[in-house]
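J.: Quick one: the structure is below, and I'll ask about it shortly.
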Amino acid sequence: MKTIAMVSQKGGAGKTTIAVHLAVCAELAGHRAAIIDVDPQASALEWYHRRQADTPEVIRATPEQLSSLLDQARKNGANVVLIDTAPHSERGALVAAGLADQVLIPCRPAAFDVAAIGTTLGLLRLSGTIDRAAIVLNAVPPRGAQVEEAAKGLSALAKVVPVRLAQRAAYAYAVNDGRSVEEFEPHGKAAEEIRALYRWIMAS
Ligand SMILES: Nc1ncnc2c1ncn2[C@@H]1O[C@H](COP(=O)(O)OP(=O)(O)O)[C@@H](O)[C@H]1O
Ligand SMILES: [Mg+2]
């Protein structure tokens, strides 16, 4: 079972968006996926309630319940588990990162987001989980030198995923009705990006 924690102390970076997309991608690839939502705002759970399909299952949890829920998921035959965490909650982020095989830190290529990532990286460094973490650039605008600058700056701080997710309306539309871009627009560019991100994660 592969466990991936979505962590970023900044809200709106794309944690929930990427978590639900990777979980659906895993299901479409024939795996059993689940999302454990430790964000009290429960956005992933809300997505699940808007969803028509029963899978991937979304389970709400406190950070304290995380370890036993992962054991249970393993026993139930889950292959991929996404942990979606809350911004501004050090405890949730630390527990999730400590239990995960991989930590994804979504970051928008904008000055405020790049500046704020130090808090998240500091947390992971302190807890000794930085080695399993990688930054994924999300909501990347179609053009602009700012993106390359952000990528360069971030790569000096931590590992950066070679796959980037663009700013695309499809992500918001799909999530609005409980789907993923792969279900909303299977041959669209967003679907391609998500599959590429998923492949990178599964291979690393
Ligand atoms: N790649 C993207 N393109 C367009 N909109 C995006 C993208 N990623 C996230 N969003 C939008 O940004 C907002 C915040 O994303 P969300 O996943 O909820 O962030 P977080 O969970 O980190 O707080 C949501 O409205 C979402 O639809
Ligand atoms: Mg969220």
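In the structure tokens, the first chain shown is A, the next is B, and so on; residue numbers restart at 1 for each chain, and ligands run from 1 in the order shown.
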What's the 8 Å shell around Ala26 of chain A, counting only C-alpha atoms, without same-chain residues fewer than 6 positions away, as an NGL selection string?
T.: :A and (32-33 or 80 or 198)
J.: Emit the selected residues as a short mmCIF file (atom, residue, chain, number, x, y, z; two decimals), in the first residue's frame, including N, CA and C atoms.
T.:
```
data_model
loop_
_atom_site.label_atom_id
_atom_site.label_comp_id
_atom_site.auth_asym_id
_atom_site.auth_seq_id
_atom_site.Cartn_x
_atom_site.Cartn_y
_atom_site.Cartn_z
N ARG A 32 -7.24 -0.05 -5.66
CA ARG A 32 -8.23 0.37 -4.66
C ARG A 32 -7.64 1.56 -3.91
N ALA A 33 -8.32 2.67 -4.01
CA ALA A 33 -7.81 3.89 -3.39
C ALA A 33 -8.76 4.39 -2.32
N VAL A 80 -3.67 2.35 -2.61
CA VAL A 80 -3.20 3.74 -2.57
C VAL A 80 -4.07 4.52 -1.59
N TYR A 198 0.53 11.10 -11.46
CA TYR A 198 0.30 9.80 -10.83
C TYR A 198 1.44 8.83 -11.18
#
```
J.: Which residues of chain A sit at most 7 Å from ligand 2, using only C-alpha atoms and all ligand atoms? Give each one's shortest atom pair and distance in Å (one decimal place), in chain and ascending residue order, as a Markdown table.
T.:
```
| residue | atom | partner | partner_atom_place_in_ligand_line | distance |
| --- | --- | --- | --- | --- |
| A:Gly11 | CA | ligand 2 | 1 (Mg) | 6.8 |
| A:Gly12 | CA | ligand 2 | 1 (Mg) | 6.8 |
| A:Gly14 | CA | ligand 2 | 1 (Mg) | 6.7 |
| A:Lys15 | CA | ligand 2 | 1 (Mg) | 5.2 |
| A:Thr16 | CA | ligand 2 | 1 (Mg) | 4.2 |
| A:Asp39 | CA | ligand 2 | 1 (Mg) | 6.9 |
| A:Ser43 | CA | ligand 2 | 1 (Mg) | 5.8 |
| A:Asp84 | CA | ligand 2 | 1 (Mg) | 6.8 |
| A:Thr85 | CA | ligand 2 | 1 (Mg) | 6.8 |
| A:Ala86 | CA | ligand 2 | 1 (Mg) | 6.1 |
```
J.: What would the file look like if the residues just selected were written as an mmCIF file, in the first residue's frame with C-alpha atoms?
T.:
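Printed below is out31.cif as written:
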```cif
data_model
loop_
_atom_site.group_PDB
_atom_site.id
_atom_site.type_symbol
_atom_site.label_atom_id
_atom_site.label_comp_id
_atom_site.auth_asym_id
_atom_site.auth_seq_id
_atom_site.Cartn_x
_atom_site.Cartn_y
_atom_site.Cartn_z
ATOM 1 C CA GLY A 11 -4.675 27.251 2.147
ATOM 2 C CA GLY A 12 -5.748 27.148 -1.492
ATOM 3 C CA GLY A 14 -4.329 22.548 -4.184
ATOM 4 C CA LYS A 15 -4.063 19.816 -1.523
ATOM 5 C CA THR A 16 -7.658 18.659 -1.780
ATOM 6 C CA ASP A 39 -8.923 18.614 7.551
ATOM 7 C CA SER A 43 -13.516 19.415 1.628
ATOM 8 C CA ASP A 84 -5.583 15.314 2.862
ATOM 9 C CA THR A 85 -4.522 17.709 5.599
ATOM 10 C CA ALA A 86 -5.557 21.152 6.772
#
```
J.: I want to know what sits within 6 Å of Val58 of chain A, based on only C-alpha atoms, with residues of the same chain fewer than 5 positions away left out; could you give that as a VMD selection string?
T.: chain A and resid 34 to 36 45
J.: Please extract the residues at most 8 Å from ligand 1, counting only C-alpha atoms and all ligand atoms, and provide them as an mmCIF file with N, CA and C atoms, in the first residue's frame, using the chain letters and residue numbers of this document.
T.:
```cif
data_model
loop_
_atom_site.group_PDB
_atom_site.id
_atom_site.type_symbol
_atom_site.label_atom_id
_atom_site.label_comp_id
_atom_site.auth_asym_id
_atom_site.auth_seq_id
_atom_site.Cartn_x
_atom_site.Cartn_y
_atom_site.Cartn_z
ATOM 1 N N VAL A 7 0.438 18.001 1.973
ATOM 2 C CA VAL A 7 0.762 18.903 3.073
ATOM 3 C C VAL A 7 1.143 20.282 2.540
ATOM 4 N N SER A 8 0.569 21.305 3.117
ATOM 5 C CA SER A 8 0.992 22.673 2.849
ATOM 6 C C SER A 8 0.298 23.548 3.874
ATOM 7 N N LYS A 10 -0.241 26.442 3.643
ATOM 8 C CA LYS A 10 -0.981 27.506 2.968
ATOM 9 C C LYS A 10 -2.306 26.947 2.432
ATOM 10 N N GLY A 11 -3.377 27.648 2.689
ATOM 11 C CA GLY A 11 -4.675 27.251 2.147
ATOM 12 C C GLY A 11 -4.743 27.597 0.668
ATOM 13 N N GLY A 12 -5.522 26.843 -0.081
ATOM 14 C CA GLY A 12 -5.748 27.148 -1.492
ATOM 15 C C GLY A 12 -4.625 26.730 -2.415
ATOM 16 N N ALA A 13 -3.660 25.973 -1.908
ATOM 17 C CA ALA A 13 -2.516 25.567 -2.729
ATOM 18 C C ALA A 13 -2.885 24.447 -3.702
ATOM 19 N N GLY A 14 -3.887 23.652 -3.316
ATOM 20 C CA GLY A 14 -4.329 22.548 -4.184
ATOM 21 C C GLY A 14 -4.277 21.172 -3.526
ATOM 22 N N LYS A 15 -4.154 21.117 -2.228
ATOM 23 C CA LYS A 15 -4.063 19.816 -1.523
ATOM 24 C C LYS A 15 -5.272 18.923 -1.820
ATOM 25 N N THR A 16 -6.456 19.480 -1.603
ATOM 26 C CA THR A 16 -7.658 18.659 -1.780
ATOM 27 C C THR A 16 -7.870 18.314 -3.250
ATOM 28 N N THR A 17 -7.658 19.296 -4.105
ATOM 29 C CA THR A 17 -7.821 19.064 -5.551
ATOM 30 C C THR A 17 -6.928 17.909 -6.003
ATOM 31 N N ILE A 18 -5.667 17.942 -5.611
ATOM 32 C CA ILE A 18 -4.734 16.908 -6.064
ATOM 33 C C ILE A 18 -5.059 15.571 -5.389
ATOM 34 N N ALA A 19 -5.448 15.603 -4.128
ATOM 35 C CA ALA A 19 -5.778 14.347 -3.423
ATOM 36 C C ALA A 19 -6.922 13.613 -4.123
ATOM 37 N N SER A 43 -13.203 19.150 3.043
ATOM 38 C CA SER A 43 -13.516 19.415 1.628
ATOM 39 C C SER A 43 -13.525 18.139 0.795
ATOM 40 N N ASP A 84 -5.410 13.882 3.112
ATOM 41 C CA ASP A 84 -5.583 15.314 2.862
ATOM 42 C C ASP A 84 -5.546 16.045 4.202
ATOM 43 N N THR A 85 -4.684 17.023 4.311
ATOM 44 C CA THR A 85 -4.522 17.709 5.599
ATOM 45 C C THR A 85 -4.983 19.169 5.514
ATOM 46 N N ALA A 86 -5.094 19.770 6.682
ATOM 47 C CA ALA A 86 -5.557 21.152 6.772
ATOM 48 C C ALA A 86 -4.376 22.111 6.724
ATOM 49 N N PRO A 87 -4.588 23.310 6.183
ATOM 50 C CA PRO A 87 -3.552 24.332 6.338
ATOM 51 C C PRO A 87 -3.561 24.791 7.791
ATOM 52 N N PRO A 106 1.800 20.924 -2.577
ATOM 53 C CA PRO A 106 1.402 21.758 -3.709
ATOM 54 C C PRO A 106 1.759 23.213 -3.452
ATOM 55 N N ASN A 138 1.430 23.915 -8.840
ATOM 56 C CA ASN A 138 0.019 23.780 -9.205
ATOM 57 C C ASN A 138 -0.550 25.122 -9.653
ATOM 58 N N ALA A 139 -1.580 25.019 -10.489
ATOM 59 C CA ALA A 139 -2.268 26.200 -11.018
ATOM 60 C C ALA A 139 -1.282 27.131 -11.728
ATOM 61 N N VAL A 140 -0.448 26.513 -12.535
ATOM 62 C CA VAL A 140 0.585 27.240 -13.277
ATOM 63 C C VAL A 140 -0.067 27.985 -14.445
ATOM 64 N N LEU A 165 1.078 21.061 -12.786
ATOM 65 C CA LEU A 165 -0.351 21.125 -13.115
ATOM 66 C C LEU A 165 -0.695 22.562 -13.472
ATOM 67 N N ALA A 166 -1.320 22.727 -14.609
ATOM 68 C CA ALA A 166 -1.651 24.076 -15.071
ATOM 69 C C ALA A 166 -2.922 24.596 -14.392
ATOM 70 N N GLN A 167 -3.086 25.897 -14.480
ATOM 71 C CA GLN A 167 -4.335 26.541 -14.042
ATOM 72 C C GLN A 167 -5.380 26.217 -15.107
ATOM 73 N N ARG A 168 -6.357 25.411 -14.769
ATOM 74 C CA ARG A 168 -7.362 25.003 -15.745
ATOM 75 C C ARG A 168 -8.734 24.965 -15.086
ATOM 76 N N ALA A 169 -9.687 25.564 -15.771
ATOM 77 C CA ALA A 169 -11.059 25.592 -15.246
ATOM 78 C C ALA A 169 -11.581 24.176 -15.016
ATOM 79 N N ALA A 170 -11.116 23.227 -15.808
ATOM 80 C CA ALA A 170 -11.603 21.840 -15.698
ATOM 81 C C ALA A 170 -11.462 21.293 -14.281
ATOM 82 N N TYR A 171 -10.419 21.681 -13.582
ATOM 83 C CA TYR A 171 -10.209 21.160 -12.215
ATOM 84 C C TYR A 171 -11.350 21.599 -11.302
ATOM 85 N N ALA A 172 -11.695 22.877 -11.387
ATOM 86 C CA ALA A 172 -12.756 23.395 -10.521
ATOM 87 C C ALA A 172 -14.116 22.835 -10.932
ATOM 88 N N TYR A 173 -14.382 22.771 -12.240
ATOM 89 C CA TYR A 173 -15.660 22.235 -12.725
ATOM 90 C C TYR A 173 -15.849 20.797 -12.269
ATOM 91 N N VAL A 175 -14.434 19.024 -9.881
ATOM 92 C CA VAL A 175 -14.538 18.832 -8.433
ATOM 93 C C VAL A 175 -15.905 19.312 -7.914
ATOM 94 N N ASN A 176 -16.443 20.347 -8.567
ATOM 95 C CA ASN A 176 -17.757 20.878 -8.170
ATOM 96 C C ASN A 176 -18.852 19.835 -8.163
#
```
J.: Measuring atom to atom with only C-alpha atoms, identify which of A:Arg164, A:Glu183, A:Val38, A:Arg91 is nearest to Gln52 of chain A.
T.: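 Of A:Arg164, A:Glu183, A:Val38, A:Arg91, the one nearest Gln52 of chain A is A:Glu183, counting only C-alpha atoms.
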J.: Find, counting only C-alpha atoms, the residue in A:Val114, A:Glu46, A:Leu70, A:Leu28 that gets nearest to Val136 of chain A.
T.: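 Of all the options, A:Val114 lies closest to Val136 of chain A.
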J.: Please identify which residues in segment 26-200 of chain A DSSP calls strand (DSSP E) from the backbone, and express them as an mmCIF file with N, CA and C atoms, in the first residue's frame.
T.:
```cif
data_model
loop_
_atom_site.group_PDB
_atom_site.id
_atom_site.type_symbol
_atom_site.label_atom_id
_atom_site.label_comp_id
_atom_site.auth_asym_id
_atom_site.auth_seq_id
_atom_site.Cartn_x
_atom_site.Cartn_y
_atom_site.Cartn_z
ATOM 1 N N ALA A 33 -8.324 2.673 -4.009
ATOM 2 C CA ALA A 33 -7.805 3.894 -3.394
ATOM 3 C C ALA A 33 -8.759 4.393 -2.318
ATOM 4 N N ALA A 34 -8.212 5.129 -1.373
ATOM 5 C CA ALA A 34 -9.027 5.766 -0.343
ATOM 6 C C ALA A 34 -8.399 7.110 -0.004
ATOM 7 N N ILE A 35 -9.244 8.003 0.495
ATOM 8 C CA ILE A 35 -8.755 9.299 0.964
ATOM 9 C C ILE A 35 -9.088 9.400 2.446
ATOM 10 N N ILE A 36 -8.107 9.747 3.226
ATOM 11 C CA ILE A 36 -8.382 10.029 4.633
ATOM 12 C C ILE A 36 -8.294 11.539 4.799
ATOM 13 N N ASP A 37 -9.399 12.107 5.233
ATOM 14 C CA ASP A 37 -9.513 13.569 5.303
ATOM 15 C C ASP A 37 -9.323 14.016 6.752
ATOM 16 N N GLU A 57 -13.265 5.680 -1.648
ATOM 17 C CA GLU A 57 -13.891 5.978 -0.369
ATOM 18 C C GLU A 57 -13.172 7.156 0.311
ATOM 19 N N VAL A 58 -13.935 8.008 0.962
ATOM 20 C CA VAL A 58 -13.341 9.116 1.727
ATOM 21 C C VAL A 58 -13.734 8.954 3.189
ATOM 22 N N ILE A 59 -12.745 8.928 4.046
ATOM 23 C CA ILE A 59 -12.995 8.721 5.476
ATOM 24 C C ILE A 59 -12.495 9.928 6.233
ATOM 25 N N ARG A 60 -13.315 10.440 7.103
ATOM 26 C CA ARG A 60 -12.923 11.581 7.919
ATOM 27 C C ARG A 60 -12.199 11.080 9.164
ATOM 28 N N VAL A 80 -3.666 2.345 -2.606
ATOM 29 C CA VAL A 80 -3.197 3.735 -2.569
ATOM 30 C C VAL A 80 -4.067 4.519 -1.589
ATOM 31 N N VAL A 81 -3.428 5.211 -0.659
ATOM 32 C CA VAL A 81 -4.184 6.055 0.281
ATOM 33 C C VAL A 81 -3.640 7.473 0.221
ATOM 34 N N LEU A 82 -4.546 8.425 0.037
ATOM 35 C CA LEU A 82 -4.191 9.847 0.058
ATOM 36 C C LEU A 82 -4.620 10.418 1.392
ATOM 37 N N ILE A 83 -3.752 11.139 2.032
ATOM 38 C CA ILE A 83 -4.143 11.830 3.269
ATOM 39 C C ILE A 83 -4.220 13.321 2.953
ATOM 40 N N ASP A 84 -5.410 13.882 3.112
ATOM 41 C CA ASP A 84 -5.583 15.314 2.862
ATOM 42 C C ASP A 84 -5.546 16.045 4.202
ATOM 43 N N GLN A 102 5.208 9.092 1.014
ATOM 44 C CA GLN A 102 5.567 10.264 0.215
ATOM 45 C C GLN A 102 4.738 11.467 0.658
ATOM 46 N N VAL A 103 5.355 12.625 0.595
ATOM 47 C CA VAL A 103 4.653 13.849 0.971
ATOM 48 C C VAL A 103 4.653 14.783 -0.239
ATOM 49 N N LEU A 104 3.492 15.216 -0.647
ATOM 50 C CA LEU A 104 3.406 16.173 -1.753
ATOM 51 C C LEU A 104 3.029 17.532 -1.199
ATOM 52 N N ILE A 105 3.783 18.541 -1.605
ATOM 53 C CA ILE A 105 3.521 19.913 -1.166
ATOM 54 C C ILE A 105 3.094 20.720 -2.382
ATOM 55 N N PRO A 106 1.800 20.924 -2.577
ATOM 56 C CA PRO A 106 1.402 21.758 -3.709
ATOM 57 C C PRO A 106 1.759 23.213 -3.452
ATOM 58 N N CYS A 107 2.175 23.874 -4.517
ATOM 59 C CA CYS A 107 2.542 25.293 -4.374
ATOM 60 C C CYS A 107 2.202 26.020 -5.666
ATOM 61 N N ALA A 133 9.610 14.222 0.797
ATOM 62 C CA ALA A 133 8.700 15.271 0.328
ATOM 63 C C ALA A 133 9.105 15.833 -1.028
ATOM 64 N N ALA A 134 8.128 16.263 -1.797
ATOM 65 C CA ALA A 134 8.398 16.938 -3.063
ATOM 66 C C ALA A 134 7.337 18.005 -3.302
ATOM 67 N N ILE A 135 7.798 19.121 -3.849
ATOM 68 C CA ILE A 135 6.887 20.238 -4.160
ATOM 69 C C ILE A 135 6.288 20.003 -5.542
ATOM 70 N N VAL A 136 4.990 20.195 -5.655
ATOM 71 C CA VAL A 136 4.375 20.119 -6.984
ATOM 72 C C VAL A 136 3.786 21.478 -7.327
ATOM 73 N N LEU A 137 4.268 22.035 -8.425
ATOM 74 C CA LEU A 137 3.764 23.345 -8.864
ATOM 75 C C LEU A 137 2.362 23.164 -9.402
#
```
J.: Measure the distance from atom CA of Leu126 of chain A to atom CA of Phe112 of chain A in Å and round it to one decimal.
T.: 22.5 Å
J.: Quick one, how far is atom CA of Trp200 of chain A from atom CA of Cys25 of chain A?
T.: 12.4 Å
J.: Write out as a PyMOL selection string all residues of chain A that DSSP puts in helix (DSSP H, G or I) for this structure's backbone.
T.: chain A and resi 15-28+43-50+63-75+90-99+111-126+130-132+145-155+169-176+181-184+189-203
J.: Please, what distance in Å, to one decimal, runs between atom CA of Ala115 of chain A and atom CA of Gln9 of chain A?
T.: 11.6 Å
